[in-house]
$ cat entry.txt   # compact mmCIF, C-alpha atoms
# COMPACT_ATOMS: atom_id res chain seq x y z
CA MET V 27 2.14 -89.92 205.06
CA MET V 28 4.48 -91.67 207.40
CA PRO V 29 4.43 -89.70 210.66
CA LEU V 30 1.15 -88.47 212.07
CA TRP V 31 0.58 -84.82 211.21
CA PRO V 32 0.96 -83.06 214.58
CA GLU V 33 3.99 -85.18 215.40
CA TYR V 34 5.57 -84.36 212.04
CA VAL V 35 4.89 -80.64 212.45
CA PHE V 36 6.44 -80.60 215.93
CA MET V 37 9.46 -82.50 214.66
CA ILE V 38 9.95 -79.99 211.83
CA LEU V 39 9.61 -77.07 214.23
CA GLY V 40 12.19 -78.69 216.52
CA MET V 41 14.55 -79.27 213.59
CA GLY V 42 14.04 -75.67 212.53
CA MET V 43 14.80 -74.34 215.98
CA VAL V 44 18.01 -76.33 216.54
CA THR V 45 19.17 -75.27 213.07
CA TYR V 46 18.27 -71.60 213.41
CA VAL V 47 19.74 -70.87 216.86
CA PRO V 48 23.39 -71.69 215.94
CA ARG V 49 22.96 -69.58 212.79
CA TRP V 50 21.58 -66.66 214.76
CA LEU V 51 23.49 -66.44 218.08
CA PRO V 52 26.97 -65.53 216.77
CA LEU V 53 25.56 -63.02 214.28
CA ILE V 54 23.70 -61.19 217.02
CA PHE V 55 26.32 -61.30 219.75
CA LEU V 56 29.71 -61.29 218.00
CA SER V 57 28.67 -58.42 215.74
CA ARG V 58 28.33 -56.24 218.88
CA GLN V 59 31.77 -56.96 220.36
CA GLN V 60 35.23 -55.60 219.73
CA LEU V 61 36.97 -58.90 219.04
CA PRO V 62 40.65 -59.54 219.85
CA GLN V 63 42.98 -59.75 216.83
CA TRP V 64 43.69 -63.47 217.25
CA LEU V 65 39.95 -64.22 217.06
CA VAL V 66 39.55 -62.04 213.97
CA ASP V 67 42.45 -63.94 212.37
CA TRP V 68 40.96 -67.28 213.42
CA LEU V 69 37.54 -66.41 212.01
CA ASP V 70 39.22 -65.29 208.77
CA PHE V 71 40.74 -68.77 208.38
CA ILE V 72 37.38 -70.49 209.02
CA PRO V 73 35.96 -70.11 205.46
CA VAL V 74 38.95 -71.64 203.69
CA ALA V 75 39.06 -74.39 206.31
CA ILE V 76 35.34 -75.18 206.03
CA LEU V 77 35.39 -75.21 202.24
CA SER V 78 38.33 -77.57 202.18
CA ALA V 79 36.80 -79.75 204.92
CA LEU V 80 33.52 -79.96 202.99
CA LEU V 81 35.16 -80.66 199.65
CA ALA V 82 37.99 -83.10 200.41
CA PRO V 83 35.78 -85.98 201.68
CA LEU V 84 33.44 -85.53 198.68
CA LEU V 85 36.40 -86.09 196.36
CA LEU V 86 38.45 -88.66 198.26
CA THR V 87 36.01 -90.94 200.08
CA SER V 88 33.04 -93.02 199.05
CA GLY V 89 30.39 -95.20 200.58
CA ALA V 90 27.85 -94.76 203.36
CA ASP V 91 30.46 -96.15 205.77
CA PRO V 92 33.19 -94.03 204.18
CA HIS V 93 36.53 -95.38 203.00
CA LEU V 94 39.37 -93.79 201.02
CA ASP V 95 38.86 -93.95 197.28
CA PHE V 96 41.23 -92.32 194.79
CA GLY V 97 39.37 -93.60 191.73
CA ARG V 98 36.24 -91.46 191.84
CA ALA V 99 34.90 -89.60 188.83
CA GLU V 100 34.40 -86.68 191.22
CA LEU V 101 38.16 -86.56 191.89
CA LEU V 102 39.15 -86.96 188.25
CA ALA V 103 36.79 -84.15 187.22
CA ALA V 104 38.11 -81.96 190.03
CA VAL V 105 41.56 -81.62 188.43
CA PRO V 106 40.43 -79.74 185.29
CA THR V 107 37.73 -77.96 187.33
CA PHE V 108 40.39 -76.56 189.67
CA ALA V 109 42.34 -75.40 186.58
CA VAL V 110 39.27 -73.68 185.12
CA ALA V 111 38.57 -71.96 188.45
CA PHE V 112 42.18 -70.86 188.78
CA TRP V 113 42.48 -69.42 185.26
CA THR V 114 39.00 -67.94 184.76
CA ARG V 115 38.18 -66.84 188.36
CA SER V 116 34.55 -67.22 187.27
CA LEU V 117 32.11 -69.01 189.57
CA GLY V 118 29.39 -69.56 186.97
CA GLY V 119 31.91 -70.56 184.31
CA THR V 120 33.55 -73.06 186.66
CA VAL V 121 30.20 -74.60 187.63
CA LEU V 122 29.19 -75.08 183.98
CA ALA V 123 32.65 -76.37 182.99
CA GLY V 124 32.73 -78.73 185.98
CA MET V 125 29.29 -80.14 185.10
CA LEU V 126 30.35 -80.69 181.47
CA ILE V 127 33.63 -82.35 182.46
CA PHE V 128 31.91 -84.61 185.02
CA TRP V 129 29.17 -85.52 182.56
CA LEU V 130 31.72 -86.45 179.86
CA ILE V 131 33.80 -88.50 182.31
CA ARG V 132 30.75 -90.46 183.45
CA LEU V 133 29.64 -90.92 179.85
CA TYR V 134 32.95 -92.20 178.47
CA TRP V 135 34.59 -93.64 181.56
CA PRO V 136 31.92 -95.21 183.74
CA MET V 137 33.30 -95.92 187.19
CA MET C 19 27.33 -47.32 201.47
CA GLN C 20 25.29 -45.10 199.15
CA GLY C 21 21.74 -46.40 198.73
CA SER C 22 21.71 -48.29 195.46
CA PRO C 23 18.31 -48.76 193.84
CA THR C 24 16.48 -51.96 194.70
CA SER C 25 16.58 -53.33 191.16
CA SER C 26 20.36 -53.12 191.08
CA VAL C 27 20.59 -54.91 194.43
CA MET C 28 18.32 -57.63 193.06
CA ARG C 29 20.28 -57.93 189.83
CA ARG C 30 23.68 -58.17 191.50
CA GLY C 31 22.37 -60.57 194.15
CA LEU C 32 20.82 -62.87 191.56
CA ALA C 33 23.95 -62.74 189.38
CA ALA C 34 25.87 -64.09 192.37
CA ALA C 35 23.17 -66.60 193.37
CA TRP C 36 22.49 -68.48 190.15
CA PRO C 37 25.30 -71.04 190.49
CA ILE C 38 23.87 -71.98 193.91
CA CYS C 39 20.37 -72.28 192.46
CA LEU C 40 21.66 -74.48 189.65
CA GLY C 41 23.34 -76.70 192.20
CA TYR C 42 20.28 -76.89 194.46
CA LEU C 43 17.94 -77.95 191.68
CA PRO C 44 19.07 -81.60 191.32
CA ILE C 45 19.78 -82.03 195.03
CA GLY C 46 16.41 -80.61 196.04
CA MET C 47 14.65 -82.82 193.52
CA ALA C 48 16.54 -85.86 194.74
CA LEU C 49 15.42 -85.05 198.29
CA GLY C 50 11.81 -84.75 197.10
CA VAL C 51 12.01 -88.15 195.42
CA LEU C 52 13.47 -89.78 198.54
CA GLY C 53 10.87 -88.09 200.71
CA GLN C 54 8.09 -89.41 198.54
CA LYS C 55 9.56 -92.92 198.72
CA ALA C 56 9.70 -92.56 202.53
CA GLY C 57 6.00 -91.74 202.50
CA VAL C 58 6.30 -88.02 203.20
CA HIS C 59 3.96 -85.85 201.14
CA PRO C 60 5.75 -83.45 198.73
CA LEU C 61 4.19 -80.48 200.51
CA ALA C 62 5.36 -81.82 203.87
CA ILE C 63 8.89 -81.97 202.43
CA GLY C 64 8.41 -78.41 201.20
CA PHE C 65 7.37 -77.42 204.71
CA MET C 66 10.57 -78.96 206.05
CA SER C 67 12.61 -77.05 203.43
CA LEU C 68 10.91 -73.82 204.48
CA ILE C 69 11.41 -74.28 208.21
CA VAL C 70 14.78 -76.04 208.33
CA PHE C 71 16.53 -75.07 205.04
CA ALA C 72 19.57 -77.31 205.43
CA GLY C 73 20.32 -79.82 202.69
CA SER C 74 22.37 -82.55 204.31
CA ALA C 75 20.35 -82.53 207.53
CA GLN C 76 17.15 -82.93 205.52
CA PHE C 77 18.55 -85.92 203.62
CA ILE C 78 19.51 -87.53 206.91
CA ALA C 79 16.10 -86.71 208.42
CA VAL C 80 14.24 -88.29 205.48
CA SER C 81 16.30 -91.46 205.70
CA MET C 82 15.67 -91.58 209.45
CA ILE C 83 11.94 -91.10 208.88
CA SER C 84 11.95 -94.00 206.42
CA THR C 85 13.57 -96.27 209.02
CA GLY C 86 11.05 -95.18 211.65
CA MET C 87 13.40 -93.34 214.00
CA PRO C 88 11.76 -91.34 216.81
CA PRO C 89 11.36 -87.59 216.10
CA ILE C 90 13.51 -86.55 219.07
CA THR C 91 16.48 -88.51 217.64
CA ILE C 92 15.94 -86.80 214.30
CA VAL C 93 15.90 -83.37 215.94
CA MET C 94 19.10 -84.09 217.88
CA THR C 95 20.86 -85.39 214.79
CA THR C 96 19.80 -82.25 212.92
CA PHE C 97 21.37 -80.14 215.65
CA VAL C 98 24.72 -81.90 215.38
CA VAL C 99 24.74 -81.94 211.58
CA ASN C 100 24.02 -78.20 211.42
CA LEU C 101 26.31 -77.06 214.21
CA ARG C 102 28.92 -76.04 211.63
CA HIS C 103 26.77 -73.00 210.80
CA LEU C 104 27.86 -71.64 214.19
CA LEU C 105 31.34 -71.19 212.73
CA MET C 106 30.02 -69.53 209.58
CA SER C 107 27.82 -67.07 211.45
CA SER C 108 30.78 -66.25 213.70
CA ALA C 109 32.93 -65.42 210.68
CA LEU C 110 30.08 -63.35 209.18
CA ALA C 111 29.76 -61.32 212.39
CA ILE C 112 32.96 -59.46 211.43
CA PRO C 113 31.80 -57.92 208.14
CA PHE C 114 28.32 -57.45 209.69
CA ARG C 115 29.63 -55.47 212.66
CA GLY C 116 26.99 -53.11 214.05
CA LYS C 117 24.26 -54.11 211.57
CA ARG C 118 20.65 -53.91 212.73
CA ARG C 119 19.48 -56.89 214.81
CA SER C 120 16.33 -57.29 212.71
CA LEU C 121 18.38 -57.63 209.50
CA LEU C 122 20.75 -60.10 211.15
CA THR C 123 17.81 -62.12 212.47
CA LEU C 124 16.47 -62.39 208.93
CA PHE C 125 19.92 -63.11 207.54
CA ALA C 126 20.57 -65.95 210.01
CA TYR C 127 17.75 -67.98 208.44
CA GLY C 128 19.64 -68.23 205.15
CA VAL C 129 23.14 -69.14 206.36
CA THR C 130 24.11 -72.29 204.45
CA ASP C 131 27.44 -73.72 203.26
CA GLU C 132 26.75 -72.35 199.80
CA SER C 133 25.40 -68.87 200.56
CA PHE C 134 28.16 -68.40 203.14
CA ALA C 135 30.86 -69.36 200.66
CA VAL C 136 29.46 -66.98 198.03
CA ASN C 137 28.74 -64.03 200.34
CA TYR C 138 31.74 -64.09 202.67
CA PRO C 139 34.53 -63.24 200.19
CA LYS C 140 32.38 -60.52 198.60
CA LEU C 141 31.64 -58.98 202.00
CA ILE C 142 35.32 -58.98 202.90
CA GLU C 143 36.21 -57.40 199.55
CA GLY C 144 33.67 -54.64 200.25
CA ASN C 145 31.16 -53.34 197.68
CA TRP C 146 28.73 -56.03 198.89
CA GLN C 147 26.07 -55.06 201.42
CA ILE C 148 23.87 -57.19 203.64
CA GLU C 149 21.01 -56.48 201.19
CA HIS C 150 22.93 -58.14 198.34
CA ALA C 151 23.75 -61.06 200.61
CA LEU C 152 20.07 -61.38 201.58
CA VAL C 153 19.08 -61.64 197.90
CA VAL C 154 21.57 -64.51 197.53
CA ASN C 155 20.18 -66.26 200.64
CA HIS C 156 16.57 -65.98 199.60
CA ALA C 157 17.08 -66.86 195.94
CA ALA C 158 18.81 -70.02 197.13
CA ASN C 159 16.06 -70.65 199.68
CA LEU C 160 13.25 -70.26 197.15
CA THR C 161 15.01 -72.57 194.68
CA TRP C 162 15.50 -75.13 197.42
CA ILE C 163 11.86 -75.13 198.52
CA VAL C 164 10.50 -75.28 194.96
CA SER C 165 12.90 -78.01 193.83
CA THR C 166 12.20 -80.26 196.83
CA ILE C 167 8.45 -79.99 196.19
CA ALA C 168 8.92 -80.52 192.45
CA GLY C 169 11.06 -83.59 193.17
CA GLY C 170 8.29 -85.02 195.34
CA TYR C 171 5.74 -84.64 192.57
CA GLY C 172 7.69 -85.63 189.46
CA GLY C 173 11.36 -86.15 190.22
CA GLN C 174 11.33 -89.84 189.41
CA TYR C 175 10.78 -89.08 185.72
CA ILE C 176 14.09 -87.21 185.39
CA PRO C 177 17.10 -89.35 184.49
CA GLU C 178 19.75 -89.44 187.19
CA GLY C 179 22.92 -87.45 186.57
CA ALA C 180 21.59 -85.67 183.50
CA PHE C 181 24.12 -83.12 182.11
CA GLY C 182 26.42 -83.61 185.08
CA ILE C 183 24.19 -81.34 187.11
CA ASP C 184 24.94 -83.34 190.25
CA TYR C 185 28.49 -81.97 190.03
CA ALA C 186 27.35 -78.34 190.21
CA LEU C 187 27.88 -77.87 193.94
CA ILE C 188 31.25 -79.64 193.99
CA ALA C 189 32.44 -77.40 191.14
CA MET C 190 31.13 -74.41 193.05
CA PHE C 191 33.02 -75.40 196.21
CA ILE C 192 36.17 -75.88 194.11
CA CYS C 193 35.94 -72.38 192.67
CA LEU C 194 35.09 -70.77 196.01
CA LEU C 195 38.05 -72.57 197.60
CA ILE C 196 40.33 -71.11 194.91
CA PHE C 197 38.93 -67.63 195.73
CA GLN C 198 39.74 -68.15 199.39
CA LEU C 199 43.40 -69.04 198.77
CA ARG C 200 44.54 -65.48 199.41
CA GLY C 201 48.07 -66.32 200.51
CA ARG C 202 50.47 -68.99 201.67
CA ILE C 203 48.91 -69.50 205.12
CA TYR C 204 45.42 -69.86 203.63
CA PHE C 205 46.81 -72.55 201.33
CA ILE C 206 48.44 -74.40 204.23
CA THR C 207 45.21 -74.12 206.26
CA ALA C 208 43.23 -75.58 203.35
CA ILE C 209 45.59 -78.54 203.00
CA ILE C 210 45.44 -79.26 206.74
CA ALA C 211 41.64 -78.93 206.84
CA GLY C 212 41.17 -81.22 203.84
CA ALA C 213 43.53 -83.89 205.16
CA LEU C 214 41.99 -83.77 208.64
CA ALA C 215 38.45 -83.86 207.27
CA VAL C 216 39.18 -86.93 205.16
CA GLY C 217 40.90 -88.70 208.04
CA LEU C 218 38.22 -87.82 210.57
CA SER C 219 35.35 -88.67 208.21
CA LEU C 220 36.60 -92.26 208.24
CA LEU C 221 36.45 -92.33 212.04
CA LEU C 222 33.57 -90.13 213.16
CA PRO C 223 29.85 -90.34 212.47
CA GLY C 224 27.78 -87.49 211.04
CA ASN C 225 29.34 -84.13 210.22
CA TRP C 226 31.75 -83.88 213.16
CA HIS C 227 34.70 -84.18 210.82
CA ILE C 228 33.77 -80.88 209.14
CA ILE C 229 33.53 -78.97 212.42
CA LEU C 230 36.62 -80.52 214.02
CA ALA C 231 38.81 -80.25 210.92
CA SER C 232 37.80 -76.60 210.37
CA VAL C 233 38.41 -75.60 213.98
CA LEU C 234 41.78 -77.37 214.15
CA ALA C 235 43.00 -76.11 210.78
CA ALA C 236 41.90 -72.50 211.46
CA SER C 237 43.67 -72.67 214.85
CA LEU C 238 46.87 -73.94 213.24
CA GLY C 239 46.60 -71.23 210.58
CA THR C 240 46.26 -68.60 213.31
CA ILE C 241 49.27 -69.98 215.19
CA ILE C 242 51.37 -70.04 212.00
CA LYS C 243 50.36 -66.45 211.29
CA GLN C 244 51.30 -65.28 214.79
CA ARG C 245 54.63 -67.10 214.63
CA SER C 246 55.56 -65.75 211.21
CA GLY C 247 54.78 -62.11 212.14
CA ARG C 248 52.05 -59.87 210.76
CA PRO C 249 52.09 -60.24 206.95
CA THR C 250 49.57 -62.92 205.89
CA THR C 251 50.62 -63.34 202.29
$ encode --input "entry.txt" --output "structure tokens"
Amino acid sequence: MMPLWPEYVFMILGMGMVTYVPRWLPLIFLSRQQLPQWLVDWLDFIPVAILSALLAPLLLTSGADPHLDFGRAELLAAVPTFAVAFWTRSLGGTVLAGMLIFWLIRLYWPM
Amino acid sequence: MQGSPTSSVMRRGLAAAWPICLGYLPIGMALGVLGQKAGVHPLAIGFMSLIVFAGSAQFIAVSMISTGMPPITIVMTTFVVNLRHLLMSSALAIPFRGKRRSLLTLFAYGVTDESFAVNYPKLIEGNWQIEHALVVNHAANLTWIVSTIAGGYGGQYIPEGAFGIDYALIAMFICLLIFQLRGRIYFITAIIAGALAVGLSLLLPGNWHIILASVLAASLGTIIKQRSGRPTT
């Protein structure tokens, strides 16, 4: 075991605390307020923005020191996966189809 | 809001959670393997998964442990990497208006990119209570803990990339993004957020690009909506 036990435990507790507090504060306080309409609108755009912000770099960049890369198997597989999601509207179906597509691409077109 | 029987809550929650669990399996196992290589006992990794429950932050923590970084640096990095949950919990506060504090305190533990993306649209649609959402959170959490421990004990015997399972979460994000495109302005916001995130990820360390791109794109979406009058679609 790399770190000494008490030190490791304290580190984990610290990590847990700094992760939990930002998850907890808005739930407790914002759920008690009457929010102005612009803030409700803004918060309603947050999910689509976060999903896109999470996804786009996974598809379009590579490397530990990231650079643009339009030749990734992840990007190629995303095109039919988007189509499956759009036409089926099924989360489970899209996940299974995406896995199959990605697996086939990596099998037959190693990048 | 009629009280549905517990078994139906469980069933519907699990039906919504399984794609997350499928996606967590390979990632959790990969984390366990890395942890073991960094000299962290599988159960110590499991302890981290229980207390922290945040995938990308845990990967970063393990790599920092293996390079001998001081714990305080690891804790501060974790804070920055996970700050995006602040935005998610803020968005969730709207459908959870007036819910009991004890339930929200329990719920906060399970707010992740994945559970948020699955629960949020269902909560907005209605017909999805905090109890259903809690089942999703905890099914994902249990899968995460078990798969990180399993990875620490035997992950190195599983071939990498088997059955394309490492694409499960990307495919899930793709589908959930499609669900969120509820009108023209949502589409524009998504394009802006994606472009900004890619651009910023090349410039900024850590996960700042996710937070900044989301905040900027949501703000632009709000401005566009105000300018173009009430109708969103």
$ interface_residues --input "entry.txt" --of "chain C" --to "chain V" --cutoff "7 Å" --atoms "all atoms listed in the file" --output "JSON, numbers by chain"
{"C": [37, 57, 58, 59, 66, 69, 70, 89, 93, 96, 97, 100, 101, 103, 104, 107, 108, 109, 110, 111, 112, 114, 115, 116, 119, 122, 123, 126, 127, 129, 181, 182, 183, 185, 186, 188, 189, 190, 191, 192, 193, 195, 196, 198, 204, 207, 208, 211, 212, 215, 216, 220, 228, 231, 232, 235, 236, 237, 239, 240]}
$ atom_distance --input "entry.txt" --atom1 "CA of Leu234 (chain C)" --atom2 "CA of Ile210 (chain C)"
8.5 Å
$ atom_distance --input "entry.txt" --atom1 "CA of Phe96 (chain V)" --atom2 "CA of Gln76 (chain C)"
28.0 Å
$ atom_distance --input "entry.txt" --atom1 "CA of Tyr171 (chain C)" --atom2 "CA of Thr85 (chain C)"
21.6 Å
$ closest_residue --input "entry.txt" --among "C:Ala168, C:Leu160, C:Leu238, C:Ile78" --to "Ala90 (chain V)" --atoms "all atoms listed in the file"
C:Ile78
